[in-house]
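J.: Structure provided below as structure tokens; questions to follow.
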Amino acid sequence: MTFDEFKALALNSPRRGEEIIFEVIEYDVKDLPGRKRSHYPKFDVRHYRVGICHTLPEAEALMHKAIERAKEYNDEIYCFHIKEYPMGELLDFLWEDYGESWRLYDGQGRFLDRTYCSSLECDHRTIYGRYRGRPEESFRFKAGDIVEVLDGNEVRLAVATGSGLSIEWYWEMWQRIKKKEGFIYVKDGCEMTDAEVEELYFPDASDDQTPVIDGPSYATHDHVHTLNIMPLRYPLSKTLRQRYENYYKAMLKKEDNI
């Protein structure tokens with residue numbers, strides 16, 4: 001396999017060609033409790049299914065109908081998820097429910113991001129479920145950015161400590177496997193075939209993540225799926241900004257002392 005072939009698989013994960021459906025999910029910001037003056041450092045959201053469609057254009061059209069409806073009720077939309085599922089397959093998920101594909105949109109219906117492989121358990125360790133990294137232009141955040149993390153029905157502040165890993169990084173991993181670097185087995189000198197390398201290549205949908213911290217110690221670090229990270233929505237007070245910037249500085253200082 002060449003790098004260009006690997007990159008093509010990374011950008012366009014193979015599909016089975018079966019019948020599919022698209023689920024549209026809306027996240028709305030809940031009203032603040034009576035005495036709370038700011039949404040930060042965390043606030044609540046609610047989510048529900050808007051509808052199910054046969055095609056992506058139909059799903060996006062339904063999303064825009066939901067936006068118009070929200071205006072009538074003065075609902076504040078946080079974001080939309082459009083997830084793709086195959087018909088006639090067991091919907092078991094290896095980690096979390098990212099669907100066969102997952103697309104992220106902001107509250108105005110603008111496309112923000114997408115996944116690059118299936119998360120279905122039946123696709124694990126197959127050509128459909130192998131994660132091969134992201135193009136660098138898709139990285140929406142860099143180390144040191146203060147961001148919002150969507151975690152179930154809660155959104156909290158955090159600091160990104162990196163930008164995820166690129167296609168080039170995963171290509172180097174693929175090559176290391178082919179060269180038998182770092183693997184424990186008989187190194188008989190025989191060159192591995194591409195098929196053998198693919199059998200040992202293990203990254204999956206859960207590896208599409210961005211590292212973050214939301215406290216002063218390493219114990220507060222987390223690896224969040226990239227599509228669950230959003231830019232700041234509201235003004236951030238100087239006090240909170242300084243607090244989270246100090247979290248990041250403390251992490252860098254600790255790394256320097258290691």
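Naming works like this for the structure tokens: A, B, ... for the chains as they're shown, residue 1 at the start of each chain, ligands 1 onward in shown order.
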Give me, as a list in words, the residues of segment 151-229 of chain A that a backbone DSSP run labels strand (DSSP E).
T.: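 Those in segment 151-229 of chain A that DSSP calls strand (DSSP E) are Asp151, Glu154, Val155, Arg156, Leu157, Ala158, Val159, Ala160, Gln209, Thr210, Pro211, Val212, Ile213, His221, Asp222, His223, Val224, His225 and Ile229 of chain A.
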J.: Using only C-alpha atoms, which residues sit within 6 Å of Ile25 of chain A once same-chain residues fewer than 5 positions away are excluded, as number ranges by chain?
T.: A: 48-50, 80-81
J.: Next, the residues of the selection above should be written as an mmCIF file, in the first residue's frame with C-alpha atoms.
T.:
```cif
data_model
loop_
_atom_site.group_PDB
_atom_site.id
_atom_site.type_symbol
_atom_site.label_atom_id
_atom_site.label_comp_id
_atom_site.auth_asym_id
_atom_site.auth_seq_id
_atom_site.Cartn_x
_atom_site.Cartn_y
_atom_site.Cartn_z
ATOM 1 C CA TYR A 48 -34.083 14.648 21.171
ATOM 2 C CA ARG A 49 -34.631 13.015 17.808
ATOM 3 C CA VAL A 50 -35.935 15.420 15.182
ATOM 4 C CA PHE A 80 -27.208 19.104 15.494
ATOM 5 C CA HIS A 81 -25.922 15.574 14.973
#
```
J.: Please list as a PDB file with C-alpha atoms, in the first residue's frame every residue within 12 Å of Phe6 of chain A, counting only C-alpha atoms and excluding residues in the same chain fewer than 6 positions away.
T.:
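Writing done, so here's part04.pdb:
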```pdb
ATOM      1  CA  ASN A  12     -13.272   7.959   2.192  1.00  0.00           C
ATOM      2  CA  SER A  13     -13.793   4.858   4.290  1.00  0.00           C
ATOM      3  CA  PRO A  14     -15.274   2.025   2.155  1.00  0.00           C
ATOM      4  CA  ILE A 127     -11.953  -2.114   6.254  1.00  0.00           C
ATOM      5  CA  ARG A 130     -10.381   1.257  10.600  1.00  0.00           C
ATOM      6  CA  TYR A 131      -9.522   4.803  11.619  1.00  0.00           C
ATOM      7  CA  ARG A 132      -6.586   6.220   9.667  1.00  0.00           C
ATOM      8  CA  GLY A 133      -6.373   9.760  11.009  1.00  0.00           C
ATOM      9  CA  ARG A 134      -7.672  13.166   9.975  1.00  0.00           C
ATOM     10  CA  ILE A 167      -3.223  10.792   8.503  1.00  0.00           C
ATOM     11  CA  GLU A 168       0.560  11.061   8.257  1.00  0.00           C
ATOM     12  CA  TRP A 169       0.929   9.944  11.886  1.00  0.00           C
ATOM     13  CA  TYR A 170      -1.211   6.848  11.333  1.00  0.00           C
ATOM     14  CA  TRP A 171       0.615   6.079   8.092  1.00  0.00           C
ATOM     15  CA  GLU A 172       3.843   5.957  10.084  1.00  0.00           C
ATOM     16  CA  MET A 173       2.155   3.518  12.491  1.00  0.00           C
ATOM     17  CA  TRP A 174       1.078   1.354   9.554  1.00  0.00           C
ATOM     18  CA  GLN A 175       4.648   1.311   8.269  1.00  0.00           C
ATOM     19  CA  ASP A 194      -0.533  -5.532   3.127  1.00  0.00           C
ATOM     20  CA  GLU A 198      -4.224  -4.618   7.987  1.00  0.00           C
TER      21      GLU A 198
END
```
J.: Write down as an mmCIF file with N, CA and C atoms, in the first residue's frame the residues belonging to segment 71-243 of chain A that are assigned alpha helix (DSSP H) by DSSP computed on the backbone.
T.:
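selection_7.cif written:
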```cif
data_model
loop_
_atom_site.group_PDB
_atom_site.id
_atom_site.type_symbol
_atom_site.label_atom_id
_atom_site.label_comp_id
_atom_site.auth_asym_id
_atom_site.auth_seq_id
_atom_site.Cartn_x
_atom_site.Cartn_y
_atom_site.Cartn_z
ATOM 1 N N LYS A 71 -37.222 28.861 16.357
ATOM 2 C CA LYS A 71 -37.416 30.315 16.424
ATOM 3 C C LYS A 71 -38.792 30.661 16.978
ATOM 4 N N GLU A 72 -39.786 29.858 16.650
ATOM 5 C CA GLU A 72 -41.150 30.114 17.124
ATOM 6 C C GLU A 72 -41.257 29.964 18.640
ATOM 7 N N TYR A 73 -40.455 29.051 19.203
ATOM 8 C CA TYR A 73 -40.530 28.778 20.638
ATOM 9 C C TYR A 73 -39.377 29.408 21.417
ATOM 10 N N ILE A 167 -3.353 11.957 9.380
ATOM 11 C CA ILE A 167 -3.223 10.792 8.503
ATOM 12 C C ILE A 167 -1.765 10.379 8.410
ATOM 13 N N GLU A 168 -0.873 11.359 8.345
ATOM 14 C CA GLU A 168 0.560 11.061 8.257
ATOM 15 C C GLU A 168 1.037 10.281 9.481
ATOM 16 N N TRP A 169 0.524 10.634 10.660
ATOM 17 C CA TRP A 169 0.929 9.944 11.886
ATOM 18 C C TRP A 169 0.499 8.479 11.834
ATOM 19 N N TYR A 170 -0.722 8.230 11.394
ATOM 20 C CA TYR A 170 -1.211 6.848 11.333
ATOM 21 C C TYR A 170 -0.541 6.064 10.209
ATOM 22 N N TRP A 171 -0.138 6.745 9.154
ATOM 23 C CA TRP A 171 0.615 6.079 8.092
ATOM 24 C C TRP A 171 1.957 5.587 8.630
ATOM 25 N N GLU A 172 2.586 6.391 9.470
ATOM 26 C CA GLU A 172 3.843 5.957 10.084
ATOM 27 C C GLU A 172 3.611 4.739 10.972
ATOM 28 N N MET A 173 2.486 4.696 11.692
ATOM 29 C CA MET A 173 2.155 3.518 12.491
ATOM 30 C C MET A 173 2.004 2.293 11.592
ATOM 31 N N TRP A 174 1.285 2.460 10.489
ATOM 32 C CA TRP A 174 1.078 1.354 9.554
ATOM 33 C C TRP A 174 2.421 0.825 9.051
ATOM 34 N N GLN A 175 3.330 1.722 8.751
ATOM 35 C CA GLN A 175 4.648 1.311 8.269
ATOM 36 C C GLN A 175 5.448 0.601 9.356
ATOM 37 N N ARG A 176 5.330 1.054 10.607
ATOM 38 C CA ARG A 176 6.038 0.393 11.705
ATOM 39 C C ARG A 176 5.551 -1.042 11.875
ATOM 40 N N ILE A 177 4.243 -1.239 11.704
ATOM 41 C CA ILE A 177 3.714 -2.603 11.783
ATOM 42 C C ILE A 177 4.312 -3.452 10.665
ATOM 43 N N LYS A 178 4.361 -2.892 9.475
ATOM 44 C CA LYS A 178 4.895 -3.637 8.332
ATOM 45 C C LYS A 178 6.360 -4.022 8.548
ATOM 46 N N ASP A 194 0.381 -6.597 2.705
ATOM 47 C CA ASP A 194 -0.533 -5.532 3.127
ATOM 48 C C ASP A 194 -1.705 -6.097 3.919
ATOM 49 N N ALA A 195 -2.195 -7.262 3.505
ATOM 50 C CA ALA A 195 -3.325 -7.880 4.201
ATOM 51 C C ALA A 195 -2.949 -8.246 5.636
ATOM 52 N N GLU A 196 -1.734 -8.729 5.837
ATOM 53 C CA GLU A 196 -1.276 -9.074 7.185
ATOM 54 C C GLU A 196 -1.131 -7.825 8.051
ATOM 55 N N VAL A 197 -0.647 -6.744 7.449
ATOM 56 C CA VAL A 197 -0.527 -5.485 8.188
ATOM 57 C C VAL A 197 -1.908 -4.988 8.599
ATOM 58 N N GLU A 198 -2.868 -5.071 7.686
ATOM 59 C CA GLU A 198 -4.224 -4.618 7.987
ATOM 60 C C GLU A 198 -4.835 -5.417 9.137
ATOM 61 N N GLU A 199 -4.510 -6.696 9.227
ATOM 62 C CA GLU A 199 -5.029 -7.517 10.315
ATOM 63 C C GLU A 199 -4.503 -7.043 11.668
ATOM 64 N N LEU A 200 -3.279 -6.510 11.682
ATOM 65 C CA LEU A 200 -2.666 -6.048 12.924
ATOM 66 C C LEU A 200 -2.923 -4.573 13.204
ATOM 67 N N LYS A 238 -12.799 37.203 32.630
ATOM 68 C CA LYS A 238 -11.342 37.220 32.790
ATOM 69 C C LYS A 238 -10.899 36.215 33.842
ATOM 70 N N THR A 239 -11.697 36.085 34.895
ATOM 71 C CA THR A 239 -11.342 35.163 35.973
ATOM 72 C C THR A 239 -11.322 33.720 35.485
ATOM 73 N N LEU A 240 -12.363 33.323 34.756
ATOM 74 C CA LEU A 240 -12.407 31.952 34.244
ATOM 75 C C LEU A 240 -11.342 31.720 33.189
ATOM 76 N N ARG A 241 -11.138 32.691 32.322
ATOM 77 C CA ARG A 241 -10.101 32.537 31.292
ATOM 78 C C ARG A 241 -8.740 32.319 31.941
ATOM 79 N N GLN A 242 -8.437 33.111 32.946
ATOM 80 C CA GLN A 242 -7.153 32.967 33.625
ATOM 81 C C GLN A 242 -7.045 31.611 34.310
ATOM 82 N N ARG A 243 -8.155 31.154 34.901
ATOM 83 C CA ARG A 243 -8.130 29.862 35.579
ATOM 84 C C ARG A 243 -7.762 28.740 34.610
#
```
J.: Return the single residue from A:Pro41, A:Gly144, A:Gly152, A:Gly51 that is closest to Asp97 of chain A, with distances computed using only C-alpha atoms.
T.: A:Gly152
J.: Do a neighbour search on Asp151 of chain A at 12 Å with only C-alpha atoms, toss out local chain neighbours closer than 2 positions, and write the hits as a list in words.
T.: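 So the residues in contact are Tyr27, Lys42, Phe43, Asp44, Val45, Arg46, His47, Glu96, Glu148, Val149, Asn153, Glu154, Val155, Arg156, Leu157, Ala158, Asp222, His223, Val224, His225, Thr226, Leu227, Asn228, Ile229 and Met230 of chain A.
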J.: Pull C-alpha atoms from the residues just selected and write them as a short mmCIF file (atom, residue, chain, number, x, y, z; two decimals), in the first residue's frame.
T.:
```
data_model
loop_
_atom_site.label_atom_id
_atom_site.label_comp_id
_atom_site.auth_asym_id
_atom_site.auth_seq_id
_atom_site.Cartn_x
_atom_site.Cartn_y
_atom_site.Cartn_z
CA TYR A 27 -29.34 19.66 21.18
CA LYS A 42 -20.79 24.34 32.74
CA PHE A 43 -24.40 24.30 31.61
CA ASP A 44 -27.09 21.78 30.75
CA VAL A 45 -28.51 20.80 27.37
CA ARG A 46 -31.31 18.50 26.29
CA HIS A 47 -31.43 16.44 23.15
CA GLU A 96 -20.15 4.87 21.94
CA GLU A 148 -16.62 23.45 25.27
CA VAL A 149 -16.98 19.69 25.79
CA ASN A 153 -26.60 16.39 28.69
CA GLU A 154 -23.90 18.66 30.07
CA VAL A 155 -21.46 21.08 28.44
CA ARG A 156 -18.33 22.03 30.36
CA LEU A 157 -15.25 24.17 29.79
CA ALA A 158 -11.89 22.55 29.11
CA ASP A 222 -9.63 13.34 29.21
CA HIS A 223 -9.68 12.13 25.61
CA VAL A 224 -12.88 13.44 24.03
CA HIS A 225 -14.30 12.45 20.67
CA THR A 226 -13.45 15.29 18.31
CA LEU A 227 -17.10 15.86 17.35
CA ASN A 228 -18.01 16.44 21.00
CA ILE A 229 -15.84 19.58 21.15
CA MET A 230 -17.21 23.01 20.27
#
```
J.: Which residue out of A:Leu112, A:Tyr78, A:Cys53, A:Glu18 has the minimum interatomic distance to Lys30 of chain A when only C-alpha atoms are used?
T.: A:Tyr78
J.: When you draw a straight line from atom CA of Gln108 of chain A to atom CA of Glu136 of chain A, how long is it in Å?
T.: 24.8 Å
J.: Would you mind listing what lies within 12 Å of Ser237 of chain A as JSON, numbers by chain, with only C-alpha atoms counted and same-chain residues fewer than 6 positions away left out?
T.: {"A": [37, 38, 39, 40, 41, 243, 244]}
J.: For the residues selected in the previous step, produce a file with N, CA and C atoms as an mmCIF file, in the first residue's frame.
T.:
```cif
data_model
loop_
_atom_site.group_PDB
_atom_site.id
_atom_site.type_symbol
_atom_site.label_atom_id
_atom_site.label_comp_id
_atom_site.auth_asym_id
_atom_site.auth_seq_id
_atom_site.Cartn_x
_atom_site.Cartn_y
_atom_site.Cartn_z
ATOM 1 N N ARG A 37 -25.924 33.430 36.802
ATOM 2 C CA ARG A 37 -25.805 34.566 35.888
ATOM 3 C C ARG A 37 -25.032 34.216 34.622
ATOM 4 N N SER A 38 -24.239 33.153 34.662
ATOM 5 C CA SER A 38 -23.423 32.780 33.503
ATOM 6 C C SER A 38 -23.568 31.294 33.213
ATOM 7 N N HIS A 39 -23.446 30.930 31.945
ATOM 8 C CA HIS A 39 -23.496 29.516 31.576
ATOM 9 C C HIS A 39 -22.227 28.774 32.001
ATOM 10 N N TYR A 40 -21.140 29.485 32.143
ATOM 11 C CA TYR A 40 -19.864 28.831 32.447
ATOM 12 C C TYR A 40 -19.626 28.762 33.954
ATOM 13 N N PRO A 41 -18.897 27.739 34.428
ATOM 14 C CA PRO A 41 -18.047 26.825 33.652
ATOM 15 C C PRO A 41 -18.766 25.603 33.067
ATOM 16 N N ARG A 243 -8.155 31.154 34.901
ATOM 17 C CA ARG A 243 -8.130 29.862 35.579
ATOM 18 C C ARG A 243 -7.762 28.740 34.610
ATOM 19 N N TYR A 244 -8.404 28.720 33.446
ATOM 20 C CA TYR A 244 -8.157 27.626 32.499
ATOM 21 C C TYR A 244 -6.808 27.778 31.799
#
```
J.: Using only C-alpha atoms, which of the listed residues (A:Ala205, A:Val159, A:Met63, A:Ile146) sits closest to Pro235 of chain A?
T.: A:Ile146
J.: Mind giving me the straight-line distance from atom CA of Thr210 of chain A to atom CA of Gly164 of chain A in Å, one decimal?
T.: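 So the answer is 4.8 Å.
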J.: Have a look at atom CA of Leu56 of chain A and atom CA of Tyr85 of chain A and let me know their distance in Å, one decimal.
T.: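 Rounded to one decimal, the two atoms are 11.5 Å apart.
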J.: Segment 121-218 of chain A near segment 86-90 of chain A within 12 Å: what's each residue's closest atom pair and its distance in Å to one decimal, counting only C-alpha atoms, ordered by chain then ascending residue number, as JSON lines?
T.:
```
{"residue": "A:Glu121", "atom": "CA", "partner": "A:Leu90", "partner_atom": "CA", "distance": 8.6}
{"residue": "A:Cys122", "atom": "CA", "partner": "A:Leu90", "partner_atom": "CA", "distance": 7.8}
{"residue": "A:Asp123", "atom": "CA", "partner": "A:Glu89", "partner_atom": "CA", "distance": 10.5}
```
